[in-house]
Structures are given as C-alpha cells and as structure tokens.
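Asker: Encoded as structure tokens, here's the structure I'll be asking about.
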Amino acid sequence: MTTPRRILVTGGAGYIGSHTVRLLLERGHEVTVVDNLSKGYRHNVPPERLCELNLADTDALARLLDRQRAEAVIHFAAFISVGESMREPERYFANNVGGSLSLLTAMVRAGVKHLVFSSTAAVYGNPQDNPILETFPIQAVNPYGESKVMVETLLRWFDEIHHLSSVCLRYFNAAGADPEGRLGEEHVPETHLIPLLLQAVTTGTPIAVFGDDYETPDGTCIRDYVHVDDLAQAHILALEYLLGGGASERFNVGTGTGHTVMETIRVVEAVTGRKVPYTVGPRREGDAPSLVAASGKLRDKLGWKPQYAELRTIVEHAWNFARKRPGTSPDQAGPAGSDKPFNFSI
Ligand code: UFG
C-alpha cells in the first residue's frame, strides 16, 4: 500500500487525465480535479472530486491548493490539436502557456513544490533520426509543440529560482482505453488515427490516409502508439519520483515500436472483423514520416514497463470503448452525450 498523497490534477476530466485520476484513486490518493470542462467531460470524474475552474484564475487556484494542502500537481489541461494551433496560435499560447504560468504562480504562492507535466513528442519537430532520445534537438514546428516547449522552459526557471521540481513527460501517440471500458477517447472533433479508423468501420464513411509516398516500408507514416493506461502509470511513477526527492527530469513516453498507418488499418480489421473503408489522400502538412520513442530512460530510471505494448491490445480496448459509446456504433443511435452519468467507482 502506497502512502496516500494529496494531489491536484488539472485537466483530469479529459482523456489521459481521467485515466490517471482513476489510477490515483485506486491507489488511495486524495485527488482534486481542476477542469473547466471546455474539452473534458463531467462523466469522467467522481462529482465530489471535480472543481470547475479556469487555470487563468491564479487566486482561486492558490486558495484551492492551500485548502487541499496539495503536495503535488499533475498538469494535463491544454489544447491539443496541431492543425488548430496553426490557425489560431494566440489561443494555444494563451491557454497552454498562460494557463501553465498561472498554475505555477499559484503553486509558488501555496508552497507546492512538485509538478508532473504533459509534454509531447511534438517538441522534437521533424527529427532526422529514430528512435528519438530525450537529448535530441528541441525544434517544434507548430504552435502546439512550441507551447509545450515554452512551458518546459518555464519549469526550468521555476526550479532554478523557486525550487519547484518537475517531470516533463513527452508523450508519443496516446491511444487505447481503460481495459474495462469505463473511460476512453472522446475528442470533439476527433482527429486521431485509431478512433477515426473505428468510426470508419462503424459508419462506413471512408477515412483518408494522409499520404503513401513516404520513405517507410509501405509509404505511410510511422507512429509509436502508447496505451493510455501505460501513460497514466508513467505519471504515477513520476509523481512518486518527485515526492521521493527526485530532481527535475524529462522523459519520452512511448513503447519504442513504430507502426505504419497501413499496419494500423490491418490491426483494426483483425480486431473488429470488418474492412476499414479508406482512400489515399495527400500528405497532411507538418506530418513527420516517423516518430518512435527511445523509451529506455523512463524504463531504467523510473522502472516503467508498459503493460499493453501490443498494438492489437490497444486497438481492442479502444474498440471495446467505442462500441459502447452512443453515436459511434451503428446499433446505437444518438450523439455522444456529455450528460451521461459518472461511469466508474473505486
Ligand atoms: N492519419 C491519417 N488519417 C487521418 C488521421 C491520421 O492518415 O485521418 C495519420 C497521420 O498522418 C499520422 C498518423 O495517422 O501519420 C497518426 O496521426 P494522429 O493525428 O493520430 O497523431 P499525430 O502523430 O499527428 O499527433 C499525435 C498527437 C499530437 C502530438 C503528436 C506527437 O495528436 O498531439 O502525436 O507525436 F503532438
């Protein structure tokens, strides 16, 4: 049994945040979720845990951290769409950087000294080599990735000056769902490959494969898909590391194995038993041909070991969730509801 800790989680009603909150609660930690529900869902968080608040409200955050006597923060809340960030960079910098600065300011005021931060492989831009080490050059190629680079920079200075230690987890492609189907991916609009492939098999509407002329074995892009529960586990390990006195660090979170888009289509077909309708379209602007993590540092230093490293398992769990979700299955009519009841218990 781990020692119960008082943890504040921002963005805990979202996809990766909610899986992490569930794991924290299962471990017996005392969790408060801060979420303004602009992207997250009320049904992802036990109602008594949820505090609806904007990150920009520094005073309210500082009061909350004080009242909870928080020992650490896990910070997920952010906008995540690369394409949108290319159209509206100001919103990405205001929300992702401004929100983080407000949170860090509140933490300093409340004397909270540890933070686990949701960073991204997008900080590496289009790297020349794979697998990608944490020491590779930081060269974001879109405002989304740059907003995460900027927060990593803020964290360096907050450590230097305020002794606030942090772990930046640079996620590769988060995918899958809670193995028991209680939580899963519900982005609106959805832009991620695996949920879109599952939507294509259920609706019959073809998905566009973004380019098949890359220098990869079948010409389609390679990505490192990491199960959302394994990502959640990385947050718990990072938290324990910081609370145990560990110094600020940054880690890639990926399995170290890449899959092309075409391979992913074949896995979806094997899992669902249905053909994926697809067309091959032009390349998507800004897509790197291949993004695969070197994940040795996280394994060696924090003892991380992905439980669901097989793409087939990731797709099975995503399919299990998608089938139950209103509006995505041909058997269930109606839009995905944000008003469905809270759906897991500890
Ligand atoms: N893809 C298609 N068709 C689609 C959607 C995606 O072919 O309709 C392809 C993409 O071109 C890419 C792969 O599927 O090759 C995965 O695309 P996703 O949009 O699911 O994910 P990305 O790799 O673009 O981006 C993800 C996260 C970002 C993060 C990035 C870091 O969404 O937030 O990983 O690696 F920055």
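Each chain of the structure tokens is named A, B, ... in the order shown, its residues numbered from 1; ligands are numbered from 1 in display order.
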Write out as a PyMOL selection string all residues of range 58-266 of chain A that backbone DSSP assigns to strand (DSSP E).

Answerer: chain A and resi 72-75+114-120+165-171+173-175+207-210+222-223+225-227+249-253+259-260

Asker: Within 6 Å of ligand 1, which residues of chain A come that close, and what is the closest atom pair and distance in Å for each? Count only C-alpha atoms and all ligand atoms and give it as a Markdown table.

Answerer:
| residue | atom | partner | partner_atom_place_in_ligand_line | distance |
| --- | --- | --- | --- | --- |
| A:Ile80 | CA | ligand 1 | 33 (O) | 5.2 |
| A:Ser81 | CA | ligand 1 | 33 (O) | 6.0 |
| A:Thr120 | CA | ligand 1 | 36 (F) | 5.4 |
| A:Ala121 | CA | ligand 1 | 31 (C) | 4.3 |
| A:Ala122 | CA | ligand 1 | 36 (F) | 4.2 |
| A:Phe172 | CA | ligand 1 | 35 (O) | 4.5 |
| A:Asn173 | CA | ligand 1 | 34 (O) | 4.6 |
| A:Thr191 | CA | ligand 1 | 19 (O) | 5.3 |
| A:His192 | CA | ligand 1 | 20 (O) | 3.2 |
| A:Leu193 | CA | ligand 1 | 20 (O) | 3.8 |
| A:Ile207 | CA | ligand 1 | 8 (O) | 5.7 |
| A:Ala208 | CA | ligand 1 | 3 (N) | 5.2 |
| A:Val209 | CA | ligand 1 | 7 (O) | 3.5 |
| A:Phe210 | CA | ligand 1 | 7 (O) | 3.9 |
| A:Cys221 | CA | ligand 1 | 15 (O) | 4.2 |
| A:Val261 | CA | ligand 1 | 14 (O) | 5.6 |
| A:Arg284 | CA | ligand 1 | 11 (O) | 5.9 |
| A:Asp287 | CA | ligand 1 | 11 (O) | 5.9 |

Asker: DSSP on the backbone: what in range 157-214 of chain A comes out alpha helix (DSSP H), as a list in words?

Answerer: Trp157, Phe158, Asp159, Glu160, Ile161, His162, Leu193, Ile194, Pro195, Leu196, Leu197, Leu198, Gln199, Ala200, Val201, Thr202 and Thr203 of chain A

Asker: Please save N, CA and C atoms of the selected residues as an mmCIF file, in the first residue's frame.

Answerer:
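The resulting file, selection31.cif, is reproduced below:
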data_model
loop_
_atom_site.group_PDB
_atom_site.id
_atom_site.type_symbol
_atom_site.label_atom_id
_atom_site.label_comp_id
_atom_site.auth_asym_id
_atom_site.auth_seq_id
_atom_site.Cartn_x
_atom_site.Cartn_y
_atom_site.Cartn_z
ATOM 1 N N TRP A 157 13.050 27.406 -15.128
ATOM 2 C CA TRP A 157 13.311 28.611 -14.327
ATOM 3 C C TRP A 157 12.613 28.546 -12.963
ATOM 4 N N PHE A 158 11.435 27.927 -12.919
ATOM 5 C CA PHE A 158 10.748 27.811 -11.622
ATOM 6 C C PHE A 158 11.506 26.858 -10.699
ATOM 7 N N ASP A 159 12.209 25.907 -11.293
ATOM 8 C CA ASP A 159 13.051 25.034 -10.468
ATOM 9 C C ASP A 159 14.264 25.824 -9.972
ATOM 10 N N GLU A 160 14.922 26.479 -10.924
ATOM 11 C CA GLU A 160 16.133 27.247 -10.601
ATOM 12 C C GLU A 160 15.862 28.281 -9.496
ATOM 13 N N ILE A 161 14.745 28.994 -9.619
ATOM 14 C CA ILE A 161 14.516 30.140 -8.714
ATOM 15 C C ILE A 161 13.644 29.769 -7.513
ATOM 16 N N HIS A 162 12.572 28.974 -7.768
ATOM 17 C CA HIS A 162 11.631 28.668 -6.675
ATOM 18 C C HIS A 162 11.766 27.236 -6.138
ATOM 19 N N LEU A 193 -5.824 8.911 -35.264
ATOM 20 C CA LEU A 193 -5.969 7.819 -36.226
ATOM 21 C C LEU A 193 -6.854 6.669 -35.724
ATOM 22 N N ILE A 194 -6.563 6.123 -34.553
ATOM 23 C CA ILE A 194 -7.261 4.888 -34.157
ATOM 24 C C ILE A 194 -8.770 5.127 -33.952
ATOM 25 N N PRO A 195 -9.195 6.160 -33.187
ATOM 26 C CA PRO A 195 -10.644 6.365 -33.091
ATOM 27 C C PRO A 195 -11.292 6.673 -34.442
ATOM 28 N N LEU A 196 -10.558 7.341 -35.340
ATOM 29 C CA LEU A 196 -11.137 7.614 -36.672
ATOM 30 C C LEU A 196 -11.299 6.329 -37.476
ATOM 31 N N LEU A 197 -10.342 5.405 -37.343
ATOM 32 C CA LEU A 197 -10.469 4.118 -38.056
ATOM 33 C C LEU A 197 -11.677 3.347 -37.523
ATOM 34 N N LEU A 198 -11.880 3.417 -36.204
ATOM 35 C CA LEU A 198 -13.027 2.706 -35.608
ATOM 36 C C LEU A 198 -14.342 3.353 -36.047
ATOM 37 N N GLN A 199 -14.324 4.685 -36.160
ATOM 38 C CA GLN A 199 -15.522 5.360 -36.674
ATOM 39 C C GLN A 199 -15.787 4.946 -38.122
ATOM 40 N N ALA A 200 -14.705 4.820 -38.906
ATOM 41 C CA ALA A 200 -14.868 4.436 -40.324
ATOM 42 C C ALA A 200 -15.504 3.056 -40.444
ATOM 43 N N VAL A 201 -15.089 2.100 -39.603
ATOM 44 C CA VAL A 201 -15.696 0.767 -39.727
ATOM 45 C C VAL A 201 -17.150 0.773 -39.252
ATOM 46 N N THR A 202 -17.490 1.640 -38.314
ATOM 47 C CA THR A 202 -18.879 1.615 -37.818
ATOM 48 C C THR A 202 -19.817 2.418 -38.712
ATOM 49 N N THR A 203 -19.319 3.530 -39.275
ATOM 50 C CA THR A 203 -20.208 4.376 -40.085
ATOM 51 C C THR A 203 -20.149 4.027 -41.568
#

Asker: Grab the CA of Ser166 in chain A to CA of Ala247 in chain A distance for me, in Å with one decimal place.

Answerer: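 These two atoms are separated by 7.5 Å.
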
Asker: As a PDB file with N, CA, C and O atoms, in the first residue's frame, please: the residues near Ala174 in chain A (cut-off 9 Å, only C-alpha atoms, same-chain neighbours under 5 positions excluded).

Answerer:
ATOM      1  N   ILE A  16      -6.449  11.559 -21.161  1.00  0.00           N
ATOM      2  CA  ILE A  16      -5.345  10.966 -20.391  1.00  0.00           C
ATOM      3  C   ILE A  16      -5.508  11.295 -18.911  1.00  0.00           C
ATOM      4  O   ILE A  16      -5.261  10.456 -18.036  1.00  0.00           O
ATOM      5  N   ASP A 224       4.414   5.755 -32.843  1.00  0.00           N
ATOM      6  CA  ASP A 224       4.614   4.906 -31.662  1.00  0.00           C
ATOM      7  C   ASP A 224       3.366   5.061 -30.788  1.00  0.00           C
ATOM      8  O   ASP A 224       3.203   6.077 -30.093  1.00  0.00           O
ATOM      9  N   TYR A 225       2.470   4.088 -30.851  1.00  0.00           N
ATOM     10  CA  TYR A 225       1.205   4.176 -30.109  1.00  0.00           C
ATOM     11  C   TYR A 225       1.401   3.616 -28.702  1.00  0.00           C
ATOM     12  O   TYR A 225       1.861   2.487 -28.536  1.00  0.00           O
ATOM     13  N   VAL A 226       1.033   4.426 -27.713  1.00  0.00           N
ATOM     14  CA  VAL A 226       1.241   4.017 -26.321  1.00  0.00           C
ATOM     15  C   VAL A 226      -0.114   3.997 -25.617  1.00  0.00           C
ATOM     16  O   VAL A 226      -0.920   4.922 -25.761  1.00  0.00           O
ATOM     17  N   HIS A 227      -0.358   2.908 -24.896  1.00  0.00           N
ATOM     18  CA  HIS A 227      -1.663   2.721 -24.241  1.00  0.00           C
ATOM     19  C   HIS A 227      -1.874   3.775 -23.160  1.00  0.00           C
ATOM     20  O   HIS A 227      -0.966   4.053 -22.356  1.00  0.00           O
ATOM     21  N   VAL A 228      -3.074   4.328 -23.111  1.00  0.00           N
ATOM     22  CA  VAL A 228      -3.372   5.418 -22.180  1.00  0.00           C
ATOM     23  C   VAL A 228      -3.180   4.993 -20.721  1.00  0.00           C
ATOM     24  O   VAL A 228      -2.764   5.810 -19.882  1.00  0.00           O
ATOM     25  N   LEU A 231       0.466   5.210 -20.076  1.00  0.00           N
ATOM     26  CA  LEU A 231       0.800   6.634 -19.887  1.00  0.00           C
ATOM     27  C   LEU A 231       0.430   7.070 -18.471  1.00  0.00           C
ATOM     28  O   LEU A 231       1.205   7.753 -17.796  1.00  0.00           O
ATOM     29  N   GLY A 254       6.813   6.336 -24.806  1.00  0.00           N
ATOM     30  CA  GLY A 254       6.391   5.581 -25.984  1.00  0.00           C
ATOM     31  C   GLY A 254       6.896   4.171 -25.787  1.00  0.00           C
ATOM     32  O   GLY A 254       7.715   3.924 -24.893  1.00  0.00           O
TER      33      GLY A 254
END

Asker: What's the 9 Å shell around Pro179 in chain A, counting only C-alpha atoms, without same-chain residues fewer than 5 positions away, as a list in words?

Answerer: Asp229, Ile314, Glu316, His317, Ala318, Asn320 and Phe321 of chain A

Asker: Residues near range 103-108 of chain A, anyone? I mean within 12 Å using only C-alpha atoms, not counting same-chain ones fewer than 4 positions away, as a ChimeraX atom specification.

Answerer: /A:8-10,34,53-66,69-77,95-99,112-117,151-152,154-159,161-166

Asker: In Å, with one decimal, what is the gap from CA of Val276 in chain A to CA of Pro217 in chain A?

Answerer: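 These atoms are spaced 20.2 Å apart.
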
Asker: Pick the closest to Ala309 in chain A from A:Ala288, A:Val253, A:Val188, A:Ile132: which is it, counting only C-alpha atoms?

Answerer: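 Ranking A:Ala288, A:Val253, A:Val188, A:Ile132 by distance to Ala309 in chain A, first place goes to A:Val253.
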
Asker: Report, in Å with one decimal, the straight-line distance from CA of Thr313 in chain A to CA of Thr255 in chain A.

Answerer: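 It comes out at 13.1 Å.
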
Asker: Do a neighbour search on Thr135 in chain A at 12 Å with only C-alpha atoms, toss out local chain neighbours closer than 6 positions, and write the hits as number ranges by chain.

Answerer: A: 123-124, 127, 129, 249-252, 293-294, 297

Asker: Please dump the current selection as a CSV table (one decimal), in the first residue's frame; keep N, CA, C and O atoms.

Answerer:
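Result file follows (part.csv):
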chain,number,residue,atom,x,y,z
A,123,VAL,N,7.7,18.4,-29.4
A,123,VAL,CA,8.8,19.3,-29.1
A,123,VAL,C,10.0,19.0,-30.0
A,123,VAL,O,10.8,19.9,-30.2
A,124,TYR,N,10.1,17.8,-30.5
A,124,TYR,CA,11.2,17.4,-31.4
A,124,TYR,C,11.0,17.8,-32.8
A,124,TYR,O,11.9,17.6,-33.6
A,127,PRO,N,12.4,15.1,-36.4
A,127,PRO,CA,13.7,14.7,-36.2
A,127,PRO,C,14.3,13.9,-37.3
A,127,PRO,O,13.6,13.2,-38.0
A,129,ASP,N,16.5,11.4,-37.0
A,129,ASP,CA,16.7,10.0,-36.7
A,129,ASP,C,15.6,9.5,-35.8
A,129,ASP,O,14.9,10.2,-35.1
A,249,GLU,N,13.3,16.3,-14.3
A,249,GLU,CA,13.7,15.4,-15.4
A,249,GLU,C,12.7,15.5,-16.5
A,249,GLU,O,11.6,16.1,-16.4
A,250,ARG,N,13.1,15.0,-17.7
A,250,ARG,CA,12.2,14.8,-18.8
A,250,ARG,C,12.4,13.5,-19.4
A,250,ARG,O,13.5,12.9,-19.5
A,251,PHE,N,11.2,12.9,-19.8
A,251,PHE,CA,11.2,11.5,-20.3
A,251,PHE,C,10.3,11.4,-21.5
A,251,PHE,O,9.2,12.0,-21.5
A,252,ASN,N,10.7,10.6,-22.5
A,252,ASN,CA,9.8,10.2,-23.6
A,252,ASN,C,8.9,9.1,-23.0
A,252,ASN,O,9.3,8.3,-22.2
A,293,ALA,N,9.7,6.6,-30.1
A,293,ALA,CA,10.4,6.9,-28.9
A,293,ALA,C,11.6,6.0,-28.6
A,293,ALA,O,11.4,4.8,-28.7
A,294,ALA,N,12.7,6.5,-28.1
A,294,ALA,CA,13.6,5.8,-27.3
A,294,ALA,C,13.1,5.9,-25.9
A,294,ALA,O,13.0,7.0,-25.3
A,297,LYS,N,15.1,5.5,-21.1
A,297,LYS,CA,15.4,6.4,-19.9
A,297,LYS,C,14.3,6.2,-18.9
A,297,LYS,O,14.5,6.0,-17.7

Asker: Which residue out of A:Val149, A:Arg325, A:Ser102, A:Arg312 has the minimum interatomic distance to Val268 in chain A when only C-alpha atoms are used?

Answerer: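 Closest to Val268 in chain A of all the choices is A:Arg312.
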
Asker: Near His187 in chain A, counting only C-alpha atoms, which residues have an atom at most 9 Å away, once you skip same-chain residues fewer than 5 positions from it, shown as a list of chain:residue names?

Answerer: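 Counting only C-alpha atoms, the residues come to A:Gly14, A:Tyr15, A:Lys39, A:Gly40, A:His192.
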
Asker: Output all heavy atoms of each residue in that selection to a file, as a PDB file, in the first residue's frame.

Answerer:
ATOM      1  N   GLY A  14     -10.342  15.071 -18.865  1.00  0.00           N
ATOM      2  CA  GLY A  14     -10.029  14.747 -20.262  1.00  0.00           C
ATOM      3  C   GLY A  14      -9.587  13.299 -20.432  1.00  0.00           C
ATOM      4  O   GLY A  14      -9.682  12.491 -19.497  1.00  0.00           O
ATOM      5  N   TYR A  15      -9.085  13.010 -21.608  1.00  0.00           N
ATOM      6  CA  TYR A  15      -8.763  11.618 -21.976  1.00  0.00           C
ATOM      7  C   TYR A  15      -7.654  11.017 -21.092  1.00  0.00           C
ATOM      8  O   TYR A  15      -7.899  10.091 -20.311  1.00  0.00           O
ATOM      9  CB  TYR A  15      -8.383  11.613 -23.457  1.00  0.00           C
ATOM     10  CG  TYR A  15      -7.833  10.324 -24.023  1.00  0.00           C
ATOM     11  CD1 TYR A  15      -8.432   9.098 -23.748  1.00  0.00           C
ATOM     12  CD2 TYR A  15      -6.736  10.349 -24.872  1.00  0.00           C
ATOM     13  CE1 TYR A  15      -7.930   7.924 -24.297  1.00  0.00           C
ATOM     14  CE2 TYR A  15      -6.230   9.190 -25.434  1.00  0.00           C
ATOM     15  CZ  TYR A  15      -6.824   7.979 -25.135  1.00  0.00           C
ATOM     16  OH  TYR A  15      -6.323   6.829 -25.686  1.00  0.00           O
ATOM     17  N   LYS A  39     -13.125  20.947 -22.713  1.00  0.00           N
ATOM     18  CA  LYS A  39     -12.835  19.763 -23.538  1.00  0.00           C
ATOM     19  C   LYS A  39     -13.141  18.468 -22.784  1.00  0.00           C
ATOM     20  O   LYS A  39     -13.455  17.466 -23.402  1.00  0.00           O
ATOM     21  CB  LYS A  39     -11.346  19.743 -23.954  1.00  0.00           C
ATOM     22  CG  LYS A  39     -10.885  20.970 -24.704  1.00  0.00           C
ATOM     23  CD  LYS A  39     -11.351  20.958 -26.132  1.00  0.00           C
ATOM     24  CE  LYS A  39     -10.931  22.240 -26.846  1.00  0.00           C
ATOM     25  NZ  LYS A  39     -11.548  22.373 -28.173  1.00  0.00           N
ATOM     26  N   GLY A  40     -13.001  18.500 -21.489  1.00  0.00           N
ATOM     27  CA  GLY A  40     -13.221  17.290 -20.689  1.00  0.00           C
ATOM     28  C   GLY A  40     -14.701  17.067 -20.418  1.00  0.00           C
ATOM     29  O   GLY A  40     -15.550  17.898 -20.775  1.00  0.00           O
ATOM     30  N   HIS A 192      -7.600  11.866 -34.229  1.00  0.00           N
ATOM     31  CA  HIS A 192      -6.580  10.830 -34.034  1.00  0.00           C
ATOM     32  C   HIS A 192      -6.897   9.560 -34.814  1.00  0.00           C
ATOM     33  O   HIS A 192      -8.058   9.171 -34.955  1.00  0.00           O
ATOM     34  CB  HIS A 192      -6.425  10.523 -32.542  1.00  0.00           C
ATOM     35  CG  HIS A 192      -5.890  11.688 -31.781  1.00  0.00           C
ATOM     36  ND1 HIS A 192      -6.665  12.453 -30.960  1.00  0.00           N
ATOM     37  CD2 HIS A 192      -4.655  12.241 -31.771  1.00  0.00           C
ATOM     38  CE1 HIS A 192      -5.920  13.429 -30.446  1.00  0.00           C
ATOM     39  NE2 HIS A 192      -4.699  13.323 -30.930  1.00  0.00           N
TER      40      HIS A 192
END
